[in-house]
file data_28.pdb (PDB, C-alpha atoms, pLDDT in the B column)
MODEL        1
ATOM      1  CA  MET A   1       9.139 -13.408   1.927  1.00 56.00           C
ATOM      2  CA  THR A   2      11.642 -11.236   3.742  1.00 62.00           C
ATOM      3  CA  HIS A   3      10.636  -8.979   6.536  1.00 62.00           C
ATOM      4  CA  PRO A   4      11.991  -5.420   6.673  1.00 60.00           C
ATOM      5  CA  SER A   5      14.573  -4.934   9.368  1.00 60.00           C
ATOM      6  CA  PRO A   6      14.469  -1.941  11.724  1.00 57.00           C
ATOM      7  CA  GLU A   7      17.809  -0.762  10.344  1.00 56.00           C
ATOM      8  CA  ASN A   8      16.139  -0.015   7.009  1.00 52.00           C
ATOM      9  CA  PHE A   9      13.677   2.422   8.545  1.00 56.00           C
ATOM     10  CA  MET A  10      14.024   5.699  10.320  1.00 58.00           C
ATOM     11  CA  VAL A  11      11.614   7.510  12.585  1.00 60.00           C
ATOM     12  CA  SER A  12       9.272   9.631  10.543  1.00 70.00           C
ATOM     13  CA  THR A  13       8.064  13.065  11.481  1.00 76.00           C
ATOM     14  CA  ALA A  14       4.563  11.682  11.979  1.00 73.00           C
ATOM     15  CA  SER A  15       5.701   9.061  14.476  1.00 75.00           C
ATOM     16  CA  TYR A  16       7.802  11.622  16.367  1.00 80.00           C
ATOM     17  CA  GLU A  17       4.810  13.983  16.585  1.00 83.00           C
ATOM     18  CA  ALA A  18       2.604  11.096  17.723  1.00 83.00           C
ATOM     19  CA  ALA A  19       5.099  10.250  20.486  1.00 85.00           C
ATOM     20  CA  GLN A  20       5.064  13.881  21.619  1.00 89.00           C
ATOM     21  CA  LYS A  21       1.251  13.916  21.673  1.00 91.00           C
ATOM     22  CA  ILE A  22       1.139  10.666  23.649  1.00 91.00           C
ATOM     23  CA  SER A  23       3.665  12.043  26.107  1.00 93.00           C
ATOM     24  CA  SER A  24       1.676  15.237  26.672  1.00 94.00           C
ATOM     25  CA  ILE A  25      -1.571  13.270  27.118  1.00 93.00           C
ATOM     26  CA  ASN A  26       0.103  11.034  29.715  1.00 94.00           C
ATOM     27  CA  ILE A  27       1.607  14.011  31.550  1.00 95.00           C
ATOM     28  CA  ARG A  28      -1.758  15.806  31.711  1.00 95.00           C
ATOM     29  CA  ALA A  29      -3.537  12.658  32.916  1.00 95.00           C
ATOM     30  CA  LEU A  30      -0.945  11.853  35.575  1.00 95.00           C
ATOM     31  CA  THR A  31      -0.879  15.465  36.772  1.00 95.00           C
ATOM     32  CA  ARG A  32      -4.650  15.539  37.135  1.00 95.00           C
ATOM     33  CA  LEU A  33      -4.752  12.113  38.814  1.00 95.00           C
ATOM     34  CA  THR A  34      -2.058  13.229  41.255  1.00 95.00           C
ATOM     35  CA  GLU A  35      -4.074  16.354  42.079  1.00 95.00           C
ATOM     36  CA  LEU A  36      -7.150  14.208  42.703  1.00 94.00           C
ATOM     37  CA  GLN A  37      -5.134  11.881  44.936  1.00 94.00           C
ATOM     38  CA  VAL A  38      -3.851  14.822  46.996  1.00 95.00           C
ATOM     39  CA  ASP A  39      -7.412  16.149  47.265  1.00 93.00           C
ATOM     40  CA  ALA A  40      -8.580  12.726  48.463  1.00 91.00           C
ATOM     41  CA  ALA A  41      -5.844  12.620  51.108  1.00 92.00           C
ATOM     42  CA  LYS A  42      -6.758  16.127  52.297  1.00 93.00           C
ATOM     43  CA  PHE A  43     -10.407  15.120  52.399  1.00 91.00           C
ATOM     44  CA  GLY A  44      -9.587  12.035  54.474  1.00 89.00           C
ATOM     45  CA  VAL A  45      -7.686  14.121  57.020  1.00 92.00           C
ATOM     46  CA  THR A  46     -10.449  16.752  57.141  1.00 91.00           C
ATOM     47  CA  THR A  47     -13.102  14.085  57.642  1.00 88.00           C
ATOM     48  CA  GLY A  48     -11.045  12.438  60.386  1.00 87.00           C
ATOM     49  CA  LEU A  49     -10.655  15.768  62.170  1.00 89.00           C
ATOM     50  CA  ALA A  50     -14.383  16.466  61.838  1.00 86.00           C
ATOM     51  CA  GLN A  51     -15.166  13.066  63.317  1.00 84.00           C
ATOM     52  CA  ALA A  52     -12.757  13.614  66.233  1.00 84.00           C
ATOM     53  CA  LYS A  53     -14.281  17.029  66.867  1.00 85.00           C
ATOM     54  CA  LEU A  54     -17.757  15.468  66.747  1.00 80.00           C
ATOM     55  CA  PHE A  55     -16.867  12.847  69.372  1.00 77.00           C
ATOM     56  CA  SER A  56     -15.200  15.351  71.674  1.00 80.00           C
ATOM     57  CA  SER A  57     -18.096  17.831  71.601  1.00 78.00           C
ATOM     58  CA  LEU A  58     -20.954  15.392  72.276  1.00 74.00           C
ATOM     59  CA  ASP A  59     -22.846  15.684  75.543  1.00 75.00           C
ATOM     60  CA  ASN A  60     -25.627  13.280  74.646  1.00 75.00           C
ATOM     61  CA  PHE A  61     -24.806   9.770  73.396  1.00 72.00           C
ATOM     62  CA  SER A  62     -28.017   9.513  71.312  1.00 73.00           C
ATOM     63  CA  ASP A  63     -27.055  12.609  69.269  1.00 74.00           C
ATOM     64  CA  MET A  64     -23.891  10.851  68.105  1.00 77.00           C
ATOM     65  CA  PHE A  65     -25.713   8.516  65.711  1.00 78.00           C
ATOM     66  CA  SER A  66     -27.519  11.220  63.741  1.00 79.00           C
ATOM     67  CA  LEU A  67     -24.414  13.441  63.556  1.00 81.00           C
ATOM     68  CA  GLU A  68     -22.205  10.494  62.589  1.00 82.00           C
ATOM     69  CA  SER A  69     -24.737   9.503  59.917  1.00 84.00           C
ATOM     70  CA  ASN A  70     -24.661  13.020  58.457  1.00 85.00           C
ATOM     71  CA  LEU A  71     -20.864  12.977  58.417  1.00 85.00           C
ATOM     72  CA  ALA A  72     -20.846   9.558  56.704  1.00 86.00           C
ATOM     73  CA  ASN A  73     -23.299  10.812  54.037  1.00 90.00           C
ATOM     74  CA  GLN A  74     -21.097  13.835  53.344  1.00 89.00           C
ATOM     75  CA  PHE A  75     -18.047  11.590  53.097  1.00 88.00           C
ATOM     76  CA  PHE A  76     -19.824   9.220  50.696  1.00 91.00           C
ATOM     77  CA  GLU A  77     -21.068  12.054  48.447  1.00 92.00           C
ATOM     78  CA  GLU A  78     -17.591  13.579  48.210  1.00 91.00           C
ATOM     79  CA  PHE A  79     -16.005  10.195  47.591  1.00 89.00           C
ATOM     80  CA  VAL A  80     -18.443   9.547  44.712  1.00 92.00           C
ATOM     81  CA  LYS A  81     -17.559  12.947  43.199  1.00 94.00           C
ATOM     82  CA  MET A  82     -13.842  12.126  43.378  1.00 92.00           C
ATOM     83  CA  SER A  83     -14.434   8.727  41.797  1.00 92.00           C
ATOM     84  CA  GLU A  84     -16.414  10.312  38.960  1.00 94.00           C
ATOM     85  CA  GLN A  85     -13.629  12.863  38.379  1.00 94.00           C
ATOM     86  CA  THR A  86     -11.016  10.099  38.265  1.00 94.00           C
ATOM     87  CA  THR A  87     -13.096   8.095  35.804  1.00 94.00           C
ATOM     88  CA  SER A  88     -13.597  11.206  33.675  1.00 94.00           C
ATOM     89  CA  VAL A  89      -9.846  11.887  33.518  1.00 94.00           C
ATOM     90  CA  LEU A  90      -9.122   8.292  32.514  1.00 93.00           C
ATOM     91  CA  LEU A  91     -11.843   8.206  29.855  1.00 94.00           C
ATOM     92  CA  GLU A  92     -10.751  11.528  28.347  1.00 94.00           C
ATOM     93  CA  SER A  93      -7.121  10.378  28.239  1.00 94.00           C
ATOM     94  CA  GLY A  94      -8.139   7.098  26.644  1.00 93.00           C
ATOM     95  CA  ASP A  95     -10.151   8.912  23.972  1.00 93.00           C
ATOM     96  CA  GLU A  96      -7.232  11.249  23.233  1.00 93.00           C
ATOM     97  CA  LEU A  97      -4.800   8.322  22.982  1.00 91.00           C
ATOM     98  CA  PHE A  98      -7.164   6.438  20.682  1.00 91.00           C
ATOM     99  CA  THR A  99      -7.399   9.472  18.408  1.00 89.00           C
ATOM    100  CA  VAL A 100      -3.596   9.777  18.245  1.00 88.00           C
ATOM    101  CA  PHE A 101      -3.125   6.063  17.513  1.00 84.00           C
ATOM    102  CA  GLU A 102      -5.853   6.071  14.929  1.00 83.00           C
ATOM    103  CA  GLY A 103      -4.318   9.080  13.160  1.00 80.00           C
ATOM    104  CA  THR A 104      -0.824   7.613  13.327  1.00 74.00           C
ATOM    105  CA  LEU A 105      -1.899   4.280  11.897  1.00 72.00           C
ATOM    106  CA  THR A 106      -3.721   6.043   9.093  1.00 71.00           C
ATOM    107  CA  ALA A 107      -0.746   8.259   8.249  1.00 65.00           C
ATOM    108  CA  GLY A 108       1.842   5.472   8.539  1.00 59.00           C
ATOM    109  CA  MET A 109       4.583   5.069  11.092  1.00 50.00           C
ATOM    110  CA  ALA A 110       7.845   4.941   9.142  1.00 49.00           C
ATOM    111  CA  THR A 111       9.316   5.757   5.787  1.00 48.00           C
ATOM    112  CA  PRO A 112      12.107   3.832   4.035  1.00 49.00           C
ATOM    113  CA  VAL A 113      15.641   5.162   4.319  1.00 46.00           C
ATOM    114  CA  SER A 114      17.459   5.981   1.107  1.00 48.00           C
ATOM    115  CA  LYS A 115      19.390   3.202  -0.614  1.00 46.00           C
ATOM    116  CA  THR A 116      22.690   4.600   0.614  1.00 47.00           C
ATOM    117  CA  VAL A 117      22.248   2.719   3.885  1.00 48.00           C
ATOM    118  CA  ALA A 118      23.738  -0.767   3.764  1.00 50.00           C
ATOM    119  CA  PRO A 119      21.125  -3.511   4.048  1.00 52.00           C
ATOM    120  CA  ALA A 120      21.123  -5.610   7.178  1.00 54.00           C
ATOM    121  CA  LYS A 121      22.860  -8.977   6.918  1.00 56.00           C
ATOM    122  CA  ALA A 122      20.550 -11.934   7.231  1.00 53.00           C
ATOM    123  CA  THR A 123      22.180 -14.350   9.646  1.00 55.00           C
ATOM    124  CA  ALA A 124      19.312 -16.782   9.974  1.00 53.00           C
ATOM    125  CA  LYS A 125      16.302 -17.699   7.958  1.00 54.00           C
ATOM    126  CA  PRO A 126      13.244 -15.852   9.317  1.00 52.00           C
ATOM    127  CA  ALA A 127      10.632 -18.039  10.938  1.00 54.00           C
ATOM    128  CA  SER A 128       7.636 -18.833   8.816  1.00 52.00           C
ATOM    129  CA  PRO A 129       4.256 -17.621  10.068  1.00 48.00           C
ATOM    130  CA  ARG A 130       3.107 -21.221  10.472  1.00 50.00           C
ATOM    131  CA  SER A 131       6.017 -22.170  12.728  1.00 51.00           C
ATOM    132  CA  VAL A 132       5.367 -19.098  14.865  1.00 45.00           C
ATOM    133  CA  VAL A 133       1.712 -20.054  15.261  1.00 44.00           C
ATOM    134  CA  LYS A 134       2.629 -23.651  16.060  1.00 48.00           C
ATOM    135  CA  SER A 135       5.133 -22.566  18.693  1.00 46.00           C
ATOM    136  CA  ARG A 136       2.513 -20.405  20.394  1.00 44.00           C
ATOM    137  CA  THR A 137      -0.171 -23.079  20.368  1.00 44.00           C
ATOM    138  CA  VAL A 138      -0.440 -25.249  23.433  1.00 45.00           C
ATOM    139  CA  ALA A 139      -1.269 -28.855  22.690  1.00 45.00           C
ATOM    140  CA  LYS A 140      -4.306 -30.122  24.545  1.00 45.00           C
ATOM    141  CA  LYS A 141      -4.100 -33.590  26.035  1.00 49.00           C
ATOM    142  CA  SER A 142      -7.036 -35.790  25.274  1.00 49.00           C
ATOM    143  CA  THR A 143      -8.593 -37.643  28.177  1.00 52.00           C
ATOM    144  CA  ALA A 144     -10.444 -40.097  25.925  1.00 53.00           C
ATOM    145  CA  LYS A 145      -8.739 -43.360  24.972  1.00 56.00           C
ATOM    146  CA  LYS A 146      -7.865 -43.690  21.318  1.00 56.00           C
ATOM    147  CA  ALA A 147      -9.105 -46.681  19.322  1.00 57.00           C
ATOM    148  CA  PRO A 148      -6.356 -49.110  18.282  1.00 59.00           C
ATOM    149  CA  VAL A 149      -5.063 -48.572  14.767  1.00 60.00           C
ATOM    150  CA  LYS A 150      -5.483 -51.580  12.470  1.00 64.00           C
ATOM    151  CA  LYS A 151      -2.514 -52.430  10.297  1.00 65.00           C
ATOM    152  CA  LYS A 152      -3.121 -53.089   6.642  1.00 64.00           C
ATOM    153  CA  ARG A 153      -1.958 -56.413   5.210  1.00 65.00           C
ATOM    154  CA  LYS A 154      -0.008 -56.482   1.997  1.00 57.00           C
TER     155      LYS A 154
ENDMDL
END

call {"tool": "encode", "arguments": {"input": "data_28.pdb", "output": "structure tokens"}}
result
Amino acid sequence: MTHPSPENFMVSTASYEAAQKISSINIRALTRLTELQVDAAKFGVTTGLAQAKLFSSLDNFSDMFSLESNLANQFFEEFVKMSEQTTSVLLESGDELFTVFEGTLTAGMATPVSKTVAPAKATAKPASPRSVVKSRTVAKKSTAKKAPVKKKRK
């Protein structure tokens, strides 16, 4: 059995459109993730400033614990919101990519080129599927001793 060579195929319109869709999905996801990262950095600076302001304005040491606890709760709640937004962006992008791949596989990725293109020269015999599987399989060494093999007499 001969395998088709890449020279005998050209990019189909469907695969080009799929690549464009994948590219736009990735751009949207990375743009949104970058925005979330900038928001997280801004939030970290704002929280740090709020904490510094809190420490500088305290007159009573016992008030610090309740105010610091409130600040920590606010930080945690905002951090959870940012984490949920990040997860949402990733899940939506994954769903969109799955839909594109599913549609592309259903429609087919490439169409044969006309017979005017010269066929590729076969320089070596293609590897059989069995030899490929054997080359990828790692032999396991047995720790048990093998029984001696008895020779048959003629």

call {"tool": "resolve_selection", "arguments": {"input": "data_28.pdb", "expression": "the PyMOL selection byres ((chain A and resi 25) around 10)", "output": "PyMOL selection string"}}
result
chain A and resi 19-24+26-31+92-94+96-97+100

call {"tool": "write_last_selection", "arguments": {"input": "data_28.pdb", "atoms": "C-alpha atoms", "output": "PDB file, in the frame of the given file"}}
result
ATOM      1  CA  ALA A  19       5.099  10.250  20.486  1.00 85.00           C
ATOM      2  CA  GLN A  20       5.064  13.881  21.619  1.00 89.00           C
ATOM      3  CA  LYS A  21       1.251  13.916  21.673  1.00 91.00           C
ATOM      4  CA  ILE A  22       1.139  10.666  23.649  1.00 91.00           C
ATOM      5  CA  SER A  23       3.665  12.043  26.107  1.00 93.00           C
ATOM      6  CA  SER A  24       1.676  15.237  26.672  1.00 94.00           C
ATOM      7  CA  ASN A  26       0.103  11.034  29.715  1.00 94.00           C
ATOM      8  CA  ILE A  27       1.607  14.011  31.550  1.00 95.00           C
ATOM      9  CA  ARG A  28      -1.758  15.806  31.711  1.00 95.00           C
ATOM     10  CA  ALA A  29      -3.537  12.658  32.916  1.00 95.00           C
ATOM     11  CA  LEU A  30      -0.945  11.853  35.575  1.00 95.00           C
ATOM     12  CA  THR A  31      -0.879  15.465  36.772  1.00 95.00           C
ATOM     13  CA  GLU A  92     -10.751  11.528  28.347  1.00 94.00           C
ATOM     14  CA  SER A  93      -7.121  10.378  28.239  1.00 94.00           C
ATOM     15  CA  GLY A  94      -8.139   7.098  26.644  1.00 93.00           C
ATOM     16  CA  GLU A  96      -7.232  11.249  23.233  1.00 93.00           C
ATOM     17  CA  LEU A  97      -4.800   8.322  22.982  1.00 91.00           C
ATOM     18  CA  VAL A 100      -3.596   9.777  18.245  1.00 88.00           C
TER      19      VAL A 100
END

call {"tool": "closest_residue", "arguments": {"input": "data_28.pdb", "among": "A:Ala18, A:Leu58, A:Ala40, A:Leu49", "to": "Val80 of chain A", "atoms": "all atoms listed in the file"}}
result
A:Ala40

call {"tool": "atom_distance", "arguments": {"input": "data_28.pdb", "atom1": "atom CA of Glu35 of chain A", "atom2": "atom CA of Phe75 of chain A"}}
result
18.4 Å

call {"tool": "atom_distance", "arguments": {"input": "data_28.pdb", "atom1": "atom CA of Phe43 of chain A", "atom2": "atom CA of Val89 of chain A"}}
result
19.2 Å

call {"tool": "atom_distance", "arguments": {"input": "data_28.pdb", "atom1": "atom CA of Glu78 of chain A", "atom2": "atom CA of Thr47 of chain A"}}
result
10.5 Å

call {"tool": "residues_around", "arguments": {"input": "data_28.pdb", "residues": "Met64 of chain A", "least_positions_apart": "5", "cutoff": "12 Å", "atoms": "all atoms listed in the file", "output": "list in words"}}
result
Gln51, Ala52, Lys53, Leu54, Phe55, Ser56, Ser57, Leu58, Asp59, Ser69, Asn70, Leu71 and Ala72 of chain A

call {"tool": "write_last_selection", "arguments": {"input": "data_28.pdb", "atoms": "C-alpha atoms", "output": "PDB file, in the coordinates of the input"}}
result
ATOM      1  CA  GLN A  51     -15.166  13.066  63.317  1.00 84.00           C
ATOM      2  CA  ALA A  52     -12.757  13.614  66.233  1.00 84.00           C
ATOM      3  CA  LYS A  53     -14.281  17.029  66.867  1.00 85.00           C
ATOM      4  CA  LEU A  54     -17.757  15.468  66.747  1.00 80.00           C
ATOM      5  CA  PHE A  55     -16.867  12.847  69.372  1.00 77.00           C
ATOM      6  CA  SER A  56     -15.200  15.351  71.674  1.00 80.00           C
ATOM      7  CA  SER A  57     -18.096  17.831  71.601  1.00 78.00           C
ATOM      8  CA  LEU A  58     -20.954  15.392  72.276  1.00 74.00           C
ATOM      9  CA  ASP A  59     -22.846  15.684  75.543  1.00 75.00           C
ATOM     10  CA  SER A  69     -24.737   9.503  59.917  1.00 84.00           C
ATOM     11  CA  ASN A  70     -24.661  13.020  58.457  1.00 85.00           C
ATOM     12  CA  LEU A  71     -20.864  12.977  58.417  1.00 85.00           C
ATOM     13  CA  ALA A  72     -20.846   9.558  56.704  1.00 86.00           C
TER      14      ALA A  72
END

call {"tool": "residues_around", "arguments": {"input": "data_28.pdb", "residues": "Met82 of chain A", "least_positions_apart": "3", "cutoff": "10 Å", "atoms": "all atoms listed in the file", "output": "compact mmCIF listing (two decimals) with C-alpha atoms, keeping the file's coordinate frame"}}
result
# COMPACT_ATOMS: atom_id res chain seq x y z
CA LEU A 36 -7.15 14.21 42.70
CA GLN A 37 -5.13 11.88 44.94
CA ASP A 39 -7.41 16.15 47.26
CA ALA A 40 -8.58 12.73 48.46
CA PHE A 76 -19.82 9.22 50.70
CA GLU A 77 -21.07 12.05 48.45
CA GLU A 78 -17.59 13.58 48.21
CA PHE A 79 -16.00 10.20 47.59
CA GLN A 85 -13.63 12.86 38.38
CA THR A 86 -11.02 10.10 38.26
CA THR A 87 -13.10 8.10 35.80
CA SER A 88 -13.60 11.21 33.67

call {"tool": "build_atoms", "arguments": {"input": "data_28.pdb", "residues": "segment 17-33 of chain A", "atoms": "N, CA and C atoms", "output": "short mmCIF file (atom, residue, chain, number, x, y, z; two decimals), keeping the file's coordinate frame"}}
result
data_model
loop_
_atom_site.label_atom_id
_atom_site.label_comp_id
_atom_site.auth_asym_id
_atom_site.auth_seq_id
_atom_site.Cartn_x
_atom_site.Cartn_y
_atom_site.Cartn_z
N GLU A 17 5.90 13.12 16.11
CA GLU A 17 4.81 13.98 16.58
C GLU A 17 3.81 13.18 17.40
N ALA A 18 3.53 11.95 16.98
CA ALA A 18 2.60 11.10 17.72
C ALA A 18 3.17 10.78 19.11
N ALA A 19 4.47 10.52 19.18
CA ALA A 19 5.10 10.25 20.49
C ALA A 19 5.02 11.48 21.39
N GLN A 20 5.19 12.66 20.83
CA GLN A 20 5.06 13.88 21.62
C GLN A 20 3.63 14.06 22.12
N LYS A 21 2.66 13.79 21.27
CA LYS A 21 1.25 13.92 21.67
C LYS A 21 0.92 12.92 22.79
N ILE A 22 1.39 11.69 22.64
CA ILE A 22 1.14 10.67 23.65
C ILE A 22 1.77 11.07 24.98
N SER A 23 2.97 11.60 24.90
CA SER A 23 3.66 12.04 26.11
C SER A 23 2.89 13.16 26.80
N SER A 24 2.41 14.13 26.05
CA SER A 24 1.68 15.24 26.67
C SER A 24 0.34 14.77 27.24
N ILE A 25 -0.32 13.82 26.59
CA ILE A 25 -1.57 13.27 27.12
C ILE A 25 -1.30 12.56 28.44
N ASN A 26 -0.24 11.76 28.49
CA ASN A 26 0.10 11.03 29.72
C ASN A 26 0.48 11.99 30.84
N ILE A 27 1.22 13.04 30.52
CA ILE A 27 1.61 14.01 31.55
C ILE A 27 0.38 14.71 32.12
N ARG A 28 -0.53 15.14 31.24
CA ARG A 28 -1.76 15.81 31.71
C ARG A 28 -2.58 14.87 32.59
N ALA A 29 -2.73 13.62 32.15
CA ALA A 29 -3.54 12.66 32.92
C ALA A 29 -2.91 12.39 34.27
N LEU A 30 -1.60 12.15 34.30
CA LEU A 30 -0.94 11.85 35.58
C LEU A 30 -0.95 13.06 36.51
N THR A 31 -0.81 14.26 35.95
CA THR A 31 -0.88 15.46 36.77
C THR A 31 -2.25 15.60 37.40
N ARG A 32 -3.28 15.42 36.62
CA ARG A 32 -4.65 15.54 37.14
C ARG A 32 -4.96 14.44 38.14
N LEU A 33 -4.52 13.21 37.87
CA LEU A 33 -4.75 12.11 38.81
C LEU A 33 -4.00 12.34 40.12
#
